[in-house]
file run_8.tsv (TSV, C-alpha atoms)
chain	number	residue	atom	x	y	z
A	1	MET	CA	-16.06	16.75	-19.77
A	2	SER	CA	-17.32	14.57	-16.96
A	3	ALA	CA	-15.10	14.37	-13.93
A	4	THR	CA	-13.95	11.24	-12.14
A	5	THR	CA	-14.56	11.65	-8.41
A	6	ILE	CA	-12.01	9.94	-6.19
A	7	THR	CA	-12.30	9.84	-2.40
A	8	ILE	CA	-9.16	9.33	-0.33
A	9	THR	CA	-9.84	7.71	3.04
A	10	SER	CA	-8.14	5.51	5.66
A	11	GLY	CA	-10.02	4.86	8.88
A	12	LYS	CA	-7.05	5.63	11.07
A	13	GLY	CA	-5.87	9.23	11.38
A	14	GLY	CA	-2.33	10.35	10.64
A	15	VAL	CA	-1.51	7.88	7.86
A	16	GLY	CA	-1.15	10.59	5.20
A	17	LYS	CA	-4.59	11.08	3.61
A	18	THR	CA	-4.27	14.84	3.31
A	19	THR	CA	-0.68	14.66	2.02
A	20	THR	CA	-1.80	12.06	-0.52
A	21	THR	CA	-4.80	14.12	-1.64
A	22	ALA	CA	-2.70	17.28	-2.04
A	23	ASN	CA	0.08	15.56	-3.97
A	24	LEU	CA	-2.18	13.54	-6.26
A	25	ALA	CA	-4.09	16.74	-7.02
A	26	VAL	CA	-0.83	18.56	-7.85
A	27	ALA	CA	0.50	15.64	-9.93
A	28	LEU	CA	-2.75	15.33	-11.92
A	29	ALA	CA	-2.85	19.09	-12.51
A	30	LEU	CA	0.79	19.10	-13.68
A	31	SER	CA	-0.03	16.36	-16.17
A	32	GLY	CA	-2.58	18.67	-17.77
A	33	CYS	CA	-5.82	17.73	-16.00
A	34	LYS	CA	-8.23	20.20	-14.47
A	35	VAL	CA	-8.54	19.23	-10.80
A	36	VAL	CA	-10.64	20.31	-7.82
A	37	CYS	CA	-9.84	18.97	-4.39
A	38	ILE	CA	-12.34	19.16	-1.57
A	39	ASP	CA	-11.44	19.07	2.13
A	40	GLY	CA	-14.09	16.85	3.72
A	41	ASP	CA	-12.80	17.25	7.26
A	42	ILE	CA	-15.22	19.83	8.63
A	43	GLY	CA	-13.99	21.34	11.89
A	44	LEU	CA	-10.44	20.04	11.40
A	45	ARG	CA	-9.43	21.38	8.01
A	46	ASN	CA	-5.86	20.83	6.86
A	47	LEU	CA	-5.76	20.42	3.11
A	48	ASP	CA	-5.40	24.22	2.88
A	49	VAL	CA	-2.15	24.31	4.89
A	50	VAL	CA	-0.68	21.26	3.20
A	51	LEU	CA	-1.28	22.93	-0.16
A	52	GLY	CA	-0.04	26.28	1.19
A	53	LEU	CA	-3.32	28.06	0.37
A	54	GLU	CA	-4.47	28.86	3.91
A	55	ASN	CA	-4.15	32.64	3.52
A	56	ARG	CA	-6.45	32.81	0.54
A	57	ILE	CA	-9.63	31.36	2.02
A	58	VAL	CA	-12.70	33.57	1.81
A	59	TYR	CA	-15.56	31.09	1.53
A	60	ASP	CA	-15.67	27.39	2.39
A	61	LEU	CA	-17.57	24.17	1.69
A	62	VAL	CA	-20.33	24.94	4.21
A	63	ASP	CA	-20.82	28.46	2.78
A	64	ALA	CA	-21.33	26.88	-0.64
A	65	VAL	CA	-23.68	24.18	0.67
A	66	GLU	CA	-25.77	26.68	2.63
A	67	GLY	CA	-25.94	29.13	-0.26
A	68	ARG	CA	-23.92	32.00	1.23
A	69	CYS	CA	-21.74	32.00	-1.85
A	70	ARG	CA	-21.69	30.47	-5.30
A	71	LEU	CA	-19.62	27.27	-5.63
A	72	ARG	CA	-17.17	29.14	-7.88
A	73	GLN	CA	-16.45	31.62	-5.10
A	74	ALA	CA	-15.44	28.83	-2.69
A	75	MET	CA	-12.89	27.47	-5.20
A	76	ILE	CA	-9.39	28.78	-4.48
A	77	ARG	CA	-7.10	28.61	-7.48
A	78	ASP	CA	-3.54	27.39	-6.90
A	79	LYS	CA	-1.46	29.75	-9.05
A	80	ARG	CA	1.62	27.48	-9.14
A	81	VAL	CA	-0.07	24.97	-11.45
A	82	PRO	CA	-2.29	25.45	-14.51
A	83	GLU	CA	-5.66	24.16	-13.30
A	84	LEU	CA	-5.88	23.25	-9.63
A	85	TYR	CA	-8.57	24.41	-7.21
A	86	LEU	CA	-9.26	23.83	-3.52
A	87	ILE	CA	-12.62	23.92	-1.79
A	88	PRO	CA	-11.65	24.24	1.88
A	89	ALA	CA	-13.59	22.74	4.78
A	90	ALA	CA	-15.27	25.01	7.31
A	91	GLN	CA	-13.21	25.33	10.45
A	92	THR	CA	-15.78	26.60	12.91
A	93	ARG	CA	-18.93	24.69	12.01
A	94	ASP	CA	-20.01	21.35	13.38
A	95	LYS	CA	-19.83	18.25	11.23
A	96	SER	CA	-23.59	17.92	10.78
A	97	ALA	CA	-23.64	21.09	8.65
A	98	VAL	CA	-23.17	18.91	5.53
A	99	SER	CA	-25.05	15.74	4.55
A	100	PRO	CA	-24.17	12.99	2.04
A	101	SER	CA	-26.82	14.33	-0.37
A	102	ASP	CA	-25.33	17.86	-0.11
A	103	MET	CA	-21.99	16.38	-1.20
A	104	VAL	CA	-23.56	14.52	-4.12
A	105	ARG	CA	-25.31	17.72	-5.27
A	106	LEU	CA	-22.12	19.80	-4.95
A	107	VAL	CA	-19.98	17.29	-6.82
A	108	ASP	CA	-22.59	16.96	-9.59
A	109	GLU	CA	-22.38	20.72	-10.06
A	110	LEU	CA	-18.60	20.41	-10.58
A	111	ARG	CA	-18.58	17.33	-12.79
A	112	GLU	CA	-18.98	19.09	-16.11
A	113	GLU	CA	-16.31	21.67	-15.27
A	114	VAL	CA	-13.27	19.53	-14.45
A	115	ASP	CA	-11.44	16.21	-15.08
A	116	TYR	CA	-10.86	15.08	-11.51
A	117	ILE	CA	-12.52	15.79	-8.18
A	118	LEU	CA	-10.48	14.54	-5.21
A	119	ILE	CA	-12.15	14.38	-1.80
A	120	ASP	CA	-10.03	14.23	1.35
A	121	SER	CA	-12.04	12.20	3.86
A	122	PRO	CA	-11.75	12.72	7.61
A	123	ALA	CA	-10.51	9.83	9.80
A	124	GLY	CA	-13.12	7.60	11.38
A	125	ILE	CA	-16.24	5.89	10.09
A	126	GLU	CA	-18.90	8.46	10.99
A	127	ARG	CA	-20.76	11.22	9.17
A	128	GLY	CA	-17.67	12.86	7.66
A	129	PHE	CA	-16.56	9.58	6.10
A	130	ARG	CA	-20.05	8.93	4.71
A	131	ASN	CA	-20.17	12.46	3.28
A	132	ALA	CA	-16.82	11.90	1.62
A	133	ILE	CA	-17.67	8.60	-0.06
A	134	ALA	CA	-21.28	9.46	-1.05
A	135	PRO	CA	-20.30	11.14	-4.37
A	136	ALA	CA	-17.27	8.89	-5.09
A	137	ASP	CA	-16.77	7.00	-8.36
A	138	GLN	CA	-13.58	5.46	-6.96
A	139	VAL	CA	-12.21	5.07	-3.44
A	140	ILE	CA	-8.55	5.02	-2.46
A	141	VAL	CA	-7.61	3.73	0.99
A	142	VAL	CA	-4.31	4.98	2.40
A	143	THR	CA	-2.50	2.88	4.97
A	144	ASN	CA	0.92	2.52	6.59
A	145	PRO	CA	2.77	-0.83	6.90
A	146	GLU	CA	1.93	-0.98	10.57
A	147	VAL	CA	-0.53	-3.06	12.64
A	148	SER	CA	-3.18	-0.49	13.62
A	149	ALA	CA	-3.27	1.24	10.23
A	150	VAL	CA	-3.68	-2.08	8.38
A	151	ARG	CA	-6.43	-3.21	10.73
A	152	ASP	CA	-8.38	0.04	10.24
A	153	ALA	CA	-7.81	-0.11	6.48
A	154	ASP	CA	-9.43	-3.55	6.45
A	155	ARG	CA	-12.48	-2.20	8.26
A	156	ILE	CA	-12.78	0.74	5.86
A	157	ILE	CA	-12.40	-1.50	2.79
A	158	GLY	CA	-15.30	-3.58	4.14
A	159	LEU	CA	-17.44	-0.46	4.69
A	160	VAL	CA	-16.66	0.85	1.20
A	161	GLU	CA	-17.82	-2.49	-0.23
A	162	ALA	CA	-20.96	-2.38	1.91
A	163	GLU	CA	-21.75	1.11	0.54
A	164	GLU	CA	-21.32	-0.34	-2.98
A	165	LYS	CA	-18.42	2.02	-3.70
A	166	GLY	CA	-15.89	-0.80	-4.02
A	167	PRO	CA	-13.56	-2.29	-4.80
A	168	ALA	CA	-11.32	0.21	-3.03
A	169	ARG	CA	-7.71	0.52	-4.15
A	170	LEU	CA	-4.78	0.80	-1.77
A	171	ILE	CA	-1.87	3.19	-1.30
A	172	ILE	CA	0.80	2.03	1.14
A	173	ASN	CA	2.38	5.19	2.50
A	174	ARG	CA	5.56	5.70	4.55
A	175	LEU	CA	7.23	2.43	3.66
A	176	ASN	CA	10.74	2.32	5.09
A	177	PRO	CA	12.99	0.11	2.89
A	178	SER	CA	15.79	-0.22	5.45
A	179	MET	CA	13.37	-1.43	8.14
A	180	ILE	CA	12.00	-3.94	5.62
A	181	LYS	CA	15.55	-5.15	4.97
A	182	ARG	CA	15.98	-5.77	8.67
A	183	GLY	CA	12.66	-7.65	8.83
A	184	ASP	CA	11.14	-5.02	11.11
A	185	MET	CA	8.45	-3.69	8.77
A	186	LEU	CA	5.62	-5.36	6.87
A	187	THR	CA	6.36	-5.45	3.14
A	188	SER	CA	3.79	-4.27	0.59
A	189	GLU	CA	3.33	-7.95	-0.35
A	190	ASP	CA	2.48	-8.75	3.30
A	191	VAL	CA	-0.08	-5.94	3.44
A	192	LEU	CA	-1.68	-6.97	0.14
A	193	GLU	CA	-1.91	-10.58	1.22
A	194	LEU	CA	-3.69	-9.54	4.43
A	195	LEU	CA	-6.07	-7.01	2.88
A	196	ALA	CA	-6.65	-8.74	-0.49
A	197	VAL	CA	-7.20	-5.53	-2.47
A	198	GLN	CA	-5.67	-3.95	-5.54
A	199	LEU	CA	-2.57	-1.83	-4.96
A	200	ILE	CA	-2.33	1.50	-6.76
A	201	GLY	CA	0.95	2.70	-5.32
A	202	VAL	CA	3.66	2.60	-2.68
A	203	VAL	CA	5.15	5.80	-1.23
A	204	PRO	CA	8.46	5.49	0.61
A	205	GLU	CA	9.01	7.31	3.89
A	206	ASP	CA	10.73	10.55	2.98
A	207	GLU	CA	11.83	13.56	5.06
A	208	ALA	CA	11.06	15.72	2.06
A	209	VAL	CA	7.35	15.34	2.84
A	210	ILE	CA	7.64	17.04	6.23
A	211	ILE	CA	9.97	19.71	4.88
A	212	SER	CA	7.63	20.51	2.01
A	213	THR	CA	4.59	20.56	4.30
A	214	ASN	CA	6.46	23.02	6.55
A	215	LYS	CA	6.68	25.32	3.54
A	216	GLY	CA	3.21	24.66	2.11
A	217	TYR	CA	4.85	23.39	-1.06
A	218	PRO	CA	3.70	19.80	-1.85
A	219	VAL	CA	6.53	17.39	-2.82
A	220	ALA	CA	4.84	16.62	-6.15
A	221	LEU	CA	5.41	20.25	-7.27
A	222	ASP	CA	9.08	19.72	-8.05
A	223	GLY	CA	8.96	15.93	-8.27
A	224	LYS	CA	12.62	15.44	-7.32
A	225	SER	CA	12.08	13.64	-4.03
A	226	ARG	CA	11.35	9.93	-3.90
A	227	ALA	CA	7.92	10.53	-2.37
A	228	GLY	CA	7.13	13.18	-4.98
A	229	GLN	CA	8.01	10.79	-7.79
A	230	ALA	CA	5.88	8.06	-6.19
A	231	PHE	CA	2.86	10.41	-6.18
A	232	HIS	CA	3.44	11.22	-9.84
A	233	ARG	CA	3.47	7.52	-10.69
A	234	ILE	CA	0.19	7.01	-8.81
A	235	ALA	CA	-1.36	9.94	-10.70
A	236	GLN	CA	-0.32	8.29	-13.98
A	237	ARG	CA	-1.97	5.04	-12.89
A	238	LEU	CA	-5.15	6.95	-12.01
A	239	ARG	CA	-5.14	8.26	-15.58
A	240	GLY	CA	-5.04	4.68	-16.81
A	241	LYS	CA	-1.34	4.59	-17.75
A	242	GLU	CA	0.62	1.37	-17.22
A	243	VAL	CA	3.36	2.25	-14.76
A	244	PRO	CA	5.34	-0.65	-13.23
A	245	MET	CA	4.88	-1.04	-9.49
A	246	GLU	CA	7.98	-0.10	-7.53
A	247	SER	CA	9.32	-2.68	-5.09
A	248	PHE	CA	11.02	-1.61	-1.90
A	249	SER	CA	10.82	-4.97	-0.28
A	250	GLU	CA	13.82	-7.00	-1.33
A	251	LYS	CA	14.95	-8.92	1.71
A	252	GLU	CA	18.62	-8.79	2.60
A	253	ASP	CA	20.72	-11.68	1.37
A	254	PHE	CA	23.42	-13.30	3.46
A	255	PHE	CA	26.38	-11.42	1.97
A	256	SER	CA	24.88	-7.97	2.23
A	257	LYS	CA	23.94	-8.74	5.81
A	258	ILE	CA	27.55	-9.67	6.61
A	259	SER	CA	28.87	-6.58	4.89
A	260	ARG	CA	26.37	-4.33	6.69
A	261	ILE	CA	27.38	-5.75	10.05
A	262	TRP	CA	31.04	-5.41	9.05
A	263	ARG	CA	30.58	-1.79	8.04
A	264	SER	CA	28.68	-0.90	11.19
A	265	GLY	CA	31.78	-1.98	13.15
A	266	GLY	CA	29.85	-4.60	15.08
A	267	GLU	CA	28.78	-2.24	17.82
B	268	MET	CA	29.65	-7.86	21.76
B	269	ALA	CA	26.56	-9.85	22.68
B	270	GLY	CA	24.54	-7.67	20.33
B	271	TRP	CA	27.03	-8.37	17.58
B	272	LEU	CA	26.56	-12.11	17.96
B	273	GLU	CA	22.81	-11.73	18.17
B	274	ARG	CA	22.71	-10.19	14.73
B	275	PHE	CA	24.07	-13.39	13.26
B	276	SER	CA	21.54	-15.65	14.89
B	277	LEU	CA	18.86	-16.60	12.38
B	278	SER	CA	16.46	-18.11	14.90
B	279	LYS	CA	15.14	-14.85	16.35
B	280	PRO	CA	11.79	-14.11	14.69
B	281	LYS	CA	11.59	-10.67	13.10
B	282	SER	CA	9.01	-8.18	14.35
B	283	ALA	CA	7.37	-7.96	10.91
B	284	GLU	CA	6.53	-11.67	11.13
B	285	HIS	CA	4.86	-11.07	14.49
B	286	ALA	CA	2.88	-8.20	13.00
B	287	LYS	CA	1.68	-10.29	10.07
B	288	GLU	CA	0.64	-13.23	12.20
B	289	ARG	CA	-1.18	-11.04	14.73
B	290	LEU	CA	-2.94	-9.14	11.96
B	291	ARG	CA	-4.00	-12.36	10.27
B	292	LEU	CA	-5.86	-13.44	13.41
B	293	VAL	CA	-7.26	-10.01	14.27
B	294	LEU	CA	-8.66	-9.52	10.75
B	295	ILE	CA	-10.43	-12.88	10.82
B	296	HIS	CA	-12.20	-11.93	14.04
B	297	ASP	CA	-12.94	-8.36	12.85
B	298	ARG	CA	-14.41	-9.57	9.58
B	299	THR	CA	-16.51	-12.38	11.00
B	300	ASP	CA	-17.45	-10.60	14.20
B	301	LEU	CA	-16.54	-13.83	16.05
B	302	THR	CA	-14.39	-13.70	19.18
B	303	PRO	CA	-11.93	-16.56	19.77
B	304	TYR	CA	-14.22	-17.67	22.61
B	305	GLU	CA	-17.28	-17.77	20.35
B	306	LEU	CA	-15.38	-19.71	17.70
B	307	GLU	CA	-14.45	-22.29	20.31
B	308	ALA	CA	-18.09	-22.56	21.44
B	309	LEU	CA	-19.24	-22.91	17.84
B	310	LYS	CA	-16.74	-25.70	17.34
B	311	ASN	CA	-18.02	-27.60	20.37
B	312	ASP	CA	-21.68	-27.17	19.41
B	313	LEU	CA	-20.98	-28.29	15.87
B	314	LEU	CA	-19.19	-31.45	16.99
B	315	GLU	CA	-21.98	-32.23	19.43
B	316	VAL	CA	-24.62	-32.09	16.69
B	317	ILE	CA	-22.58	-34.23	14.31
B	318	CYS	CA	-22.05	-36.79	17.07
B	319	LYS	CA	-25.79	-37.42	17.11
B	320	TYR	CA	-25.63	-38.87	13.62
B	321	VAL	CA	-22.18	-40.32	13.20
B	322	GLU	CA	-19.35	-41.35	15.42
B	323	ILE	CA	-16.44	-38.97	14.94
B	324	ASP	CA	-12.87	-38.65	16.06
B	325	SER	CA	-13.22	-35.31	17.84
B	326	LYS	CA	-9.51	-35.14	18.68
B	327	GLY	CA	-8.62	-35.09	15.01
B	328	ALA	CA	-11.25	-32.46	14.13
B	329	HIS	CA	-10.13	-29.09	12.74
B	330	ILE	CA	-12.61	-26.25	12.48
B	331	SER	CA	-11.25	-22.87	11.51
B	332	VAL	CA	-11.96	-19.67	9.62
B	333	ALA	CA	-9.95	-19.40	6.41
B	334	GLN	CA	-9.39	-16.35	4.25
B	335	ASP	CA	-10.30	-16.53	0.58
B	336	GLY	CA	-9.58	-13.13	-0.94
B	337	ARG	CA	-11.79	-10.76	1.06
B	338	GLU	CA	-14.20	-13.57	1.93
B	339	GLN	CA	-14.06	-15.71	5.01
B	340	ARG	CA	-15.10	-19.30	5.08
B	341	LEU	CA	-15.65	-21.72	7.90
B	342	VAL	CA	-13.66	-24.84	7.13
B	343	ALA	CA	-14.40	-28.04	9.01
B	344	ASP	CA	-12.32	-31.15	8.65
B	345	ILE	CA	-13.83	-33.84	10.87
B	346	PRO	CA	-12.60	-37.43	10.67
B	347	ILE	CA	-15.31	-40.06	11.05
B	348	ALA	CA	-14.39	-42.81	13.48
B	349	LYS	CA	-13.99	-46.29	12.13
B	350	THR	CA	-17.15	-48.19	12.94
B	351	ARG	CA	-16.41	-51.59	14.46
B	352	LYS	CA	-19.97	-52.30	15.55
B	353	ARG	CA	-21.17	-53.68	12.25
B	354	ARG	CA	-18.36	-56.17	11.93
B	355	SER	CA	-18.69	-57.47	15.44
B	356	GLY	CA	-22.47	-57.44	15.22
call {"tool": "encode", "arguments": {"input": "run_8.tsv", "output": "structure tokens"}}
result
Amino acid sequence: MSATTITITSGKGGVGKTTTTANLAVALALSGCKVVCIDGDIGLRNLDVVLGLENRIVYDLVDAVEGRCRLRQAMIRDKRVPELYLIPAAQTRDKSAVSPSDMVRLVDELREEVDYILIDSPAGIERGFRNAIAPADQVIVVTNPEVSAVRDADRIIGLVEAEEKGPARLIINRLNPSMIKRGDMLTSEDVLELLAVQLIGVVPEDEAVIISTNKGYPVALDGKSRAGQAFHRIAQRLRGKEVPMESFSEKEDFFSKISRIWRSGGE
Amino acid sequence: MAGWLERFSLSKPKSAEHAKERLRLVLIHDRTDLTPYELEALKNDLLEVICKYVEIDSKGAHISVAQDGREQRLVADIPIAKTRKRRSG
């Protein structure tokens, strides 16, 4: 067994990196893979709460790097799925506690044990980002169909190429089909044309994500919601399966526009 | 009622089109590290140098940065002025 290491990054904060990491990890684990996810956001950890594992942390990434525990001891097992583990970030330490070479060493130690290692990168382009991409075999950039997120994604894609970790692949998260119909949101085709990268998935905006995060129960665990299903399809693509790309971007034709206006009572 | 009529008008540009156009320009400048001001200066310098060797129609000149996948290229389309000197001379 030699794991594939995938880093999930974005540049801009708040686009859904941690949600994406948690759900891809769950979806891969449910499909029978052995998965470890690592929270790379030292000082601002969140992957633990999104996964609902925050009460089980004893040791963290920095403890493992600095030798206060064995790597195994820092791996928290998620009991809801067969083989899913979390290595949480340290909450109290400063970011310089871990270096890119520490991350490479740690990931190399895990490679023979699992199928996938997912690393949740912090926002920004500093040390934490460099730590997160140092051990990566593949990089996924998460963006939203929105001006500032797309701009930052472009910058990150350039940096990933410069670090010879490219080509990065793109997830467009929080796409709102009804705003696209109205012409008030960039379509996935627009974003791809601007960024010129390969798309690996589109996740529609879905209230289920916030509800599930409230409970610490990732949407991919039951897979009924639209976002949960989208994450499962992305996980299949990561495993090399051919899954058709969903399209949420059909523009409204004249008759449906008339009927929508008619139905809304013309207010 | 005015809002109702507005929804029928096709001329109003949608906000997504604005976003795409603005991003297109911003990304060119981010990727090339060239401000619009610098691009304008580059254009003028370039035309000046070419003028030393050949007479050009600077009004018809187009110099811009074009996107080709994730690569940017500087595209110059500079019409050369018709030379009348030789005929008359």
call {"tool": "interface_residues", "arguments": {"input": "run_8.tsv", "of": "chain A", "to": "chain B", "cutoff": "6 Å", "atoms": "all atoms listed in the file", "output": "list in words"}}
result
Gly183, Asp184, Met185, Leu186, Ala196 and Gly266 of chain A
call {"tool": "atom_distance", "arguments": {"input": "run_8.tsv", "atom1": "atom CA of Leu51 of chain A", "atom2": "atom CA of Cys37 of chain A"}}
result
10.3 Å
call {"tool": "residues_near_point", "arguments": {"input": "run_8.tsv", "point": "(-13.9, -3.6, 2.7)", "cutoff": "12 Å", "atoms": "all atoms listed in the file", "output": "ChimeraX atom specification"}}
result
/A:10-11,139-141,150-170,194-198 /B:294,297-298,336-338
call {"tool": "write_last_selection", "arguments": {"input": "run_8.tsv", "atoms": "C-alpha atoms", "output": "tab-separated table (two decimals), in the coordinates of the input"}}
result
chain	number	residue	atom	x	y	z
A	10	SER	CA	-8.14	5.51	5.66
A	11	GLY	CA	-10.02	4.86	8.88
A	139	VAL	CA	-12.21	5.07	-3.44
A	140	ILE	CA	-8.55	5.02	-2.46
A	141	VAL	CA	-7.61	3.73	0.99
A	150	VAL	CA	-3.68	-2.08	8.38
A	151	ARG	CA	-6.43	-3.21	10.73
A	152	ASP	CA	-8.38	0.04	10.24
A	153	ALA	CA	-7.81	-0.11	6.48
A	154	ASP	CA	-9.43	-3.55	6.45
A	155	ARG	CA	-12.48	-2.20	8.26
A	156	ILE	CA	-12.78	0.74	5.86
A	157	ILE	CA	-12.40	-1.50	2.79
A	158	GLY	CA	-15.30	-3.58	4.14
A	159	LEU	CA	-17.44	-0.46	4.69
A	160	VAL	CA	-16.66	0.85	1.20
A	161	GLU	CA	-17.82	-2.49	-0.23
A	162	ALA	CA	-20.96	-2.38	1.91
A	163	GLU	CA	-21.75	1.11	0.54
A	164	GLU	CA	-21.32	-0.34	-2.98
A	165	LYS	CA	-18.42	2.02	-3.70
A	166	GLY	CA	-15.89	-0.80	-4.02
A	167	PRO	CA	-13.56	-2.29	-4.80
A	168	ALA	CA	-11.32	0.21	-3.03
A	169	ARG	CA	-7.71	0.52	-4.15
A	170	LEU	CA	-4.78	0.80	-1.77
A	194	LEU	CA	-3.69	-9.54	4.43
A	195	LEU	CA	-6.07	-7.01	2.88
A	196	ALA	CA	-6.65	-8.74	-0.49
A	197	VAL	CA	-7.20	-5.53	-2.47
A	198	GLN	CA	-5.67	-3.95	-5.54
B	294	LEU	CA	-8.66	-9.52	10.75
B	297	ASP	CA	-12.94	-8.36	12.85
B	298	ARG	CA	-14.41	-9.57	9.58
B	336	GLY	CA	-9.58	-13.13	-0.94
B	337	ARG	CA	-11.79	-10.76	1.06
B	338	GLU	CA	-14.20	-13.57	1.93
call {"tool": "atom_distance", "arguments": {"input": "run_8.tsv", "atom1": "atom CA of Ala235 of chain A", "atom2": "atom CA of Val62 of chain A"}}
result
28.4 Å
call {"tool": "residues_around", "arguments": {"input": "run_8.tsv", "residues": "segment 217-224 of chain A", "least_positions_apart": "2", "cutoff": "10 Å", "atoms": "all atoms listed in the file", "output": "VMD selection string"}}
result
chain A and resid 19 to 20 22 to 30 49 to 53 80 to 81 206 208 to 215 226 to 232
call {"tool": "atom_distance", "arguments": {"input": "run_8.tsv", "atom1": "atom CA of Arg111 of chain A", "atom2": "atom CA of Leu71 of chain A"}}
result
12.3 Å
call {"tool": "residues_around", "arguments": {"input": "run_8.tsv", "residues": "Thr5 of chain A", "least_positions_apart": "6", "cutoff": "6 Å", "atoms": "only C-alpha atoms", "output": "VMD selection string"}}
result
chain A and resid 116 to 118 136 to 137
call {"tool": "residues_around", "arguments": {"input": "run_8.tsv", "residues": "Ala97 of chain A", "least_positions_apart": "6", "cutoff": "12 Å", "atoms": "all atoms listed in the file", "output": "count of residues only"}}
result
18
call {"tool": "residues_around", "arguments": {"input": "run_8.tsv", "residues": "segment 306-322 of chain B", "least_positions_apart": "6", "cutoff": "9 Å", "atoms": "all atoms listed in the file", "output": "list in words"}}
result
Ala328, His329, Ile330, Ser331, Val332, Ala343, Ile345, Ile347, Ala348, Lys349 and Thr350 of chain B
